[in-house]
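First up is the structure itself, then whatever we jot down about it.
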Amino acid sequence: MSETFRAFWVEKGDDRTFTRSVIERNVDDLPDGDVLIDVQYSSLNYKDGLSATGNPGVTRNFPHTPGIDAAGTVAHAAADSGFSVGDSVLVTGYDLGMNTAGGFGAKIRVPSSWVVAMPDGLTPESSMLYGTAGLTAALCVDKLISSGLETGNGPVLVTGATGGVGSVAVALLAKLGFEVAAVTGKASQHDYLKELGASEILPREALLEGGGKPMLKETWAGAVDTVGGEPLFNAVKSLRYGGSVAACGLVASPAFDATVLPFILRHVNLLGVDSVELPLAQKRQIWQKLAGDWALDSLSLMREDIGLEQLSGAIDRILAGEMVGRGLVNLAA
Ligand SMILES: NC(=O)c1ccc[n+]([C@@H]2O[C@H](COP(=O)([O-])OP(=O)(O)OC[C@H]3O[C@@H](n4cnc5c(N)ncnc54)[C@H](OP(=O)(O)O)[C@@H]3O)[C@@H](O)[C@H]2O)c1
């Protein structure tokens with residue numbers, strides 16, 4: 001008899017409605033791949049919300065198990081996969097949780113080319129507290145520093161600051177000695193952002209002012225933008241000379257209605273960040289940093305534990321922009 005495992009399950013109805021439940025799945029129904037992983041932890045990211053509600057840019061094939069992150073132990077590995085039974089591993093991005101059954105199931109089967117050996121200093125639990133959100137925040141910070149950001153240059157802006165990417169970006173920048181200005185729509189979470197290390201807090205509306213002006217006062221040495229749209233262009237327009245914005249998100253809008261003026265008059269940079277298709281060797285380097293010099297003490301402040309049965313409600317909250325910090329999904333709960 002074939003083995004089964006618990007999984008979150010999204011089905012598409014005839015009327016294009018999407019229903020969510022927790023079911024027993026059969027291991028034989030997982031896709032091909034040379035590594036089978038017993039998933040202990042996953043995490044909730046905005047993209048999982050898009051997958052669970054049938055966004056065709058994320059998931060086209062239903063029924064489906066979302067979950068773009070997974071960490072656990074190798075249960076079976078092909079001889080030439082580079083992995084052995086019992087290895088502690090993590091997987092983020094590529095097609096996991098998009099059209100490949102994802103980490104909201106207690107088992108995944110994936111190509112070994114997607115799998116990262118757990119770095120010393122991280123566990124399945126702590127790695128998923130970072131998850132794709134943390135990897136992305138660290139990539140943004142890494143790219144800003146590579147583009148010349150230094151601690152003496154001035155304050156660094158973070159938008160969507162109480163979200164997953166935003167929370168890790170605030171905490172990481174503060175840990176590295178940067179002065180952080182956090183933008184949030186949640187008036188109730190100012191103390192949380194200060195505990196993470198923000199020294200200044202701005203309401204969301206502050207990034208909607210000045211839309212009609214070609215340039216704004218030089219304010220930010222750099223920025224991590226998780227929201228896109230008007231706030232992103234306003235961040236670009238208010239960069240100090242030579243500064244950069246790392247753009248990774250679109251919760252406000254995928255639009256970027258801009259002029260070239262800040263680029264050609266202030267020498268500023270717009271840096272694109274993608275943690276999904278990033279080559280595995282580069283993912284490994286960022287994970288090594290998060291396991292080492294960049295390890296955060298404040299992860300427990302961001303943590304919300306979510307069992308499979310609570311996932312549906314948490315998905316509604318992340319899509320409404322109401323989550324704070326990181327949702328850690330425990331597959332055993
Ligand atoms: N490029 C990549 O590789 C990559 C990887 C991971 C994530 N992302 C993207 O990054 C974004 C954030 O992901 P996440 O997982 O951190 O999501 P999240 O936890 O939901 O965080 C998003 C935050 O943005 C703010 N927000 C929500 N709606 C907004 C609106 N209409 N206008 C302005 N701010 C709004 C909220 O924070 P406040 O209430 O504090 O304002 C919210 O908590 C998403 O667009 C996601 O797709 C991209």
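Chain labels A, B, ... are given in the sequence in which chains occur in the structure tokens; within each chain residues are numbered consecutively from 1, and ligands are likewise numbered from 1 in the order shown.
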
What's the 9 Å shell around Asp32 of chain A, counting only C-alpha atoms, without same-chain residues fewer than 3 positions away, as a compact mmCIF listing (two decimals) with C-alpha atoms, in the first residue's frame?
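Writing the result to part27.txt gives the following:
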```txt
# COMPACT_ATOMS: atom_id res chain seq x y z
CA VAL A 35 14.85 13.93 -4.10
CA ARG A 109 9.48 15.51 -4.56
CA VAL A 110 11.73 17.91 -6.47
CA PRO A 111 14.81 18.02 -8.73
```

Please report, as CSV, each residue of chain A lying at most 7 Å from ligand 1, together with the nearest pair of atoms and the separation in Å rounded to one decimal; use only C-alpha atoms and all ligand atoms, and order rows by chain and ascending residue number.
```
residue,atom,partner,partner_atom_place_in_ligand_line,distance
A:Asn45,CA,ligand 1,15 (O),3.9
A:Tyr46,CA,ligand 1,15 (O),4.0
A:Lys47,CA,ligand 1,47 (O),5.2
A:Thr132,CA,ligand 1,6 (C),5.6
A:Ala133,CA,ligand 1,6 (C),4.8
A:Thr136,CA,ligand 1,5 (C),5.1
A:Thr159,CA,ligand 1,41 (O),6.5
A:Gly160,CA,ligand 1,24 (O),3.4
A:Ala161,CA,ligand 1,40 (O),4.3
A:Thr162,CA,ligand 1,40 (O),3.7
A:Gly163,CA,ligand 1,21 (O),3.2
A:Gly164,CA,ligand 1,16 (O),3.5
A:Val165,CA,ligand 1,16 (O),3.8
A:Gly166,CA,ligand 1,16 (O),5.9
A:Val183,CA,ligand 1,41 (O),6.0
A:Thr184,CA,ligand 1,41 (O),3.4
A:Gly185,CA,ligand 1,41 (O),3.9
A:Lys186,CA,ligand 1,39 (O),4.7
A:Arg204,CA,ligand 1,41 (O),6.2
A:Thr226,CA,ligand 1,11 (C),4.6
A:Val227,CA,ligand 1,34 (N),5.5
A:Cys248,CA,ligand 1,1 (N),3.9
A:Gly249,CA,ligand 1,45 (O),3.5
A:Leu250,CA,ligand 1,45 (O),3.9
A:Val251,CA,ligand 1,45 (O),4.3
A:Ala252,CA,ligand 1,31 (N),3.8
A:Val273,CA,ligand 1,1 (N),5.1
A:Asp274,CA,ligand 1,3 (O),3.5
A:Ser275,CA,ligand 1,3 (O),3.7
A:Val276,CA,ligand 1,3 (O),5.2
A:Ile318,CA,ligand 1,20 (O),4.6
A:Leu319,CA,ligand 1,20 (O),6.3
A:Ala320,CA,ligand 1,28 (N),6.7
A:Gly321,CA,ligand 1,27 (C),3.9
A:Glu322,CA,ligand 1,43 (O),5.6
A:Met323,CA,ligand 1,43 (O),5.3
A:Val324,CA,ligand 1,43 (O),5.9
A:Gly325,CA,ligand 1,19 (O),6.4
A:Arg326,CA,ligand 1,19 (O),6.9
```

For N, CA and C atoms, I'd like the residues from the last selection saved as a short mmCIF file (atom, residue, chain, number, x, y, z; two decimals), in the first residue's frame.
```
data_model
loop_
_atom_site.label_atom_id
_atom_site.label_comp_id
_atom_site.auth_asym_id
_atom_site.auth_seq_id
_atom_site.Cartn_x
_atom_site.Cartn_y
_atom_site.Cartn_z
N ASN A 45 4.08 33.03 2.37
CA ASN A 45 4.50 34.21 1.61
C ASN A 45 3.30 34.72 0.81
N TYR A 46 3.38 35.99 0.42
CA TYR A 46 2.30 36.62 -0.35
C TYR A 46 1.94 35.79 -1.59
N LYS A 47 2.98 35.25 -2.24
CA LYS A 47 2.75 34.47 -3.46
C LYS A 47 1.90 33.23 -3.21
N THR A 132 11.39 32.38 1.92
CA THR A 132 11.60 33.21 0.72
C THR A 132 11.62 34.69 1.06
N ALA A 133 10.78 35.11 2.02
CA ALA A 133 10.74 36.54 2.40
C ALA A 133 12.11 36.98 2.92
N THR A 136 14.77 37.00 0.20
CA THR A 136 14.58 38.15 -0.69
C THR A 136 15.06 39.44 -0.03
N THR A 159 9.66 49.83 2.53
CA THR A 159 8.20 49.91 2.39
C THR A 159 7.58 48.54 2.69
N GLY A 160 6.28 48.56 3.05
CA GLY A 160 5.61 47.31 3.45
C GLY A 160 6.34 46.73 4.64
N ALA A 161 6.71 47.61 5.59
CA ALA A 161 7.72 47.23 6.59
C ALA A 161 7.27 46.14 7.57
N THR A 162 5.97 46.02 7.87
CA THR A 162 5.57 44.97 8.82
C THR A 162 5.37 43.63 8.13
N GLY A 163 5.42 43.58 6.79
CA GLY A 163 5.25 42.31 6.08
C GLY A 163 6.48 41.43 6.24
N GLY A 164 6.46 40.28 5.57
CA GLY A 164 7.55 39.32 5.72
C GLY A 164 8.87 39.85 5.20
N VAL A 165 8.91 40.27 3.94
CA VAL A 165 10.15 40.82 3.38
C VAL A 165 10.54 42.08 4.15
N GLY A 166 9.54 42.94 4.39
CA GLY A 166 9.82 44.21 5.07
C GLY A 166 10.40 44.02 6.46
N VAL A 183 8.17 52.26 6.41
CA VAL A 183 6.86 52.75 5.97
C VAL A 183 5.83 51.67 6.25
N THR A 184 4.76 52.03 6.96
CA THR A 184 3.73 51.03 7.27
C THR A 184 2.34 51.63 7.21
N GLY A 185 1.37 50.75 6.88
CA GLY A 185 -0.03 51.15 6.95
C GLY A 185 -0.64 50.78 8.29
N LYS A 186 0.15 50.17 9.18
CA LYS A 186 -0.41 49.67 10.44
C LYS A 186 0.03 50.56 11.61
N ARG A 204 1.91 55.05 5.34
CA ARG A 204 1.91 54.75 3.90
C ARG A 204 1.67 55.99 3.04
N THR A 226 8.91 46.82 -1.35
CA THR A 226 8.16 45.57 -1.49
C THR A 226 6.77 45.81 -2.08
N VAL A 227 6.46 47.09 -2.43
CA VAL A 227 5.07 47.37 -2.80
C VAL A 227 4.85 47.81 -4.25
N CYS A 248 11.41 44.63 -5.18
CA CYS A 248 11.12 43.19 -5.22
C CYS A 248 9.64 42.86 -5.19
N GLY A 249 8.75 43.84 -4.97
CA GLY A 249 7.35 43.45 -4.75
C GLY A 249 6.34 44.31 -5.47
N LEU A 250 5.07 43.91 -5.35
CA LEU A 250 4.01 44.58 -6.12
C LEU A 250 2.68 44.60 -5.38
N VAL A 251 2.70 44.54 -4.03
CA VAL A 251 1.42 44.46 -3.32
C VAL A 251 0.56 45.70 -3.55
N ALA A 252 1.17 46.88 -3.77
CA ALA A 252 0.38 48.07 -4.07
C ALA A 252 0.00 48.08 -5.54
N VAL A 273 15.19 42.63 -8.09
CA VAL A 273 15.55 41.50 -7.21
C VAL A 273 14.56 40.36 -7.43
N ASP A 274 15.08 39.19 -7.76
CA ASP A 274 14.26 37.97 -7.92
C ASP A 274 14.91 36.84 -7.15
N SER A 275 14.21 36.30 -6.18
CA SER A 275 14.78 35.20 -5.40
C SER A 275 14.29 33.84 -5.90
N VAL A 276 13.44 33.84 -6.93
CA VAL A 276 12.79 32.59 -7.35
C VAL A 276 13.70 31.78 -8.28
N ILE A 318 -2.92 37.50 4.66
CA ILE A 318 -1.76 38.01 3.91
C ILE A 318 -2.22 38.71 2.64
N LEU A 319 -3.29 38.22 2.03
CA LEU A 319 -3.79 38.88 0.81
C LEU A 319 -4.39 40.25 1.13
N ALA A 320 -4.90 40.41 2.36
CA ALA A 320 -5.47 41.71 2.77
C ALA A 320 -4.40 42.64 3.33
N GLY A 321 -3.13 42.21 3.32
CA GLY A 321 -2.04 43.05 3.83
C GLY A 321 -2.04 43.14 5.34
N GLU A 322 -2.68 42.16 6.02
CA GLU A 322 -2.83 42.25 7.47
C GLU A 322 -1.82 41.43 8.27
N MET A 323 -1.02 40.61 7.59
CA MET A 323 -0.04 39.80 8.35
C MET A 323 1.03 40.71 8.91
N VAL A 324 1.58 40.31 10.04
CA VAL A 324 2.74 41.02 10.61
C VAL A 324 3.86 40.00 10.75
N GLY A 325 5.00 40.28 10.15
CA GLY A 325 6.16 39.38 10.29
C GLY A 325 6.01 38.14 9.44
N ARG A 326 6.47 37.00 10.01
CA ARG A 326 6.57 35.77 9.24
C ARG A 326 5.65 34.68 9.79
#
```

Between A:Asn99, A:Gln40, A:Thr53, A:Ser2, which residue has the minimum interatomic distance to Arg16 of chain A, considering only C-alpha atoms?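 Selected residue with least distance to Arg16 of chain A: A:Thr53.
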
Could you tell me which of A:Ser51, A:Thr92, A:Thr65, A:Thr17 comes closest to Pro279 of chain A if we count only C-alpha atoms?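 Nearest to Pro279 of chain A: A:Thr92.
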
Which value, in Å to one decimal, gives the distance between atom CA of Ser298 of chain A and atom CA of Val141 of chain A?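 Going from atom CA of Ser298 of chain A over to atom CA of Val141 of chain A, I get 17.0 Å.
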
Based on DSSP run over this structure's backbone, return all residues of segment 67-216 of chain A in strand (DSSP E or B), as a PyMOL selection string. chain A and resi 69-77+88-92+96+100+105+107-110+115-117+156-158+180-184+200-203

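If you look at atom CA of Gly49 of chain A and atom CA of Arg317 of chain A, they are 9.0 Å away from each other.
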
Counting only C-alpha atoms, which of A:Ile264, A:Ile108, A:Ala291, A:Ala182 gets nearest to Asp38 of chain A? A:Ile108

Quick check for you: according to DSSP on this backbone, which residues of segment 107-263 of chain A are classed as helix (DSSP H, G or I)? Reply as an MDAnalysis selection string. chainID A and resid 112:114 124:146 151:153 164:175 187:196 204:208 229:237 261:263

With only C-alpha atoms as the basis for distance, which of A:Glu218, A:Asp257, A:Asp34, A:Asp15 is at the shortest distance from Ala75 of chain A?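 Nearest to Ala75 of chain A: A:Asp34.
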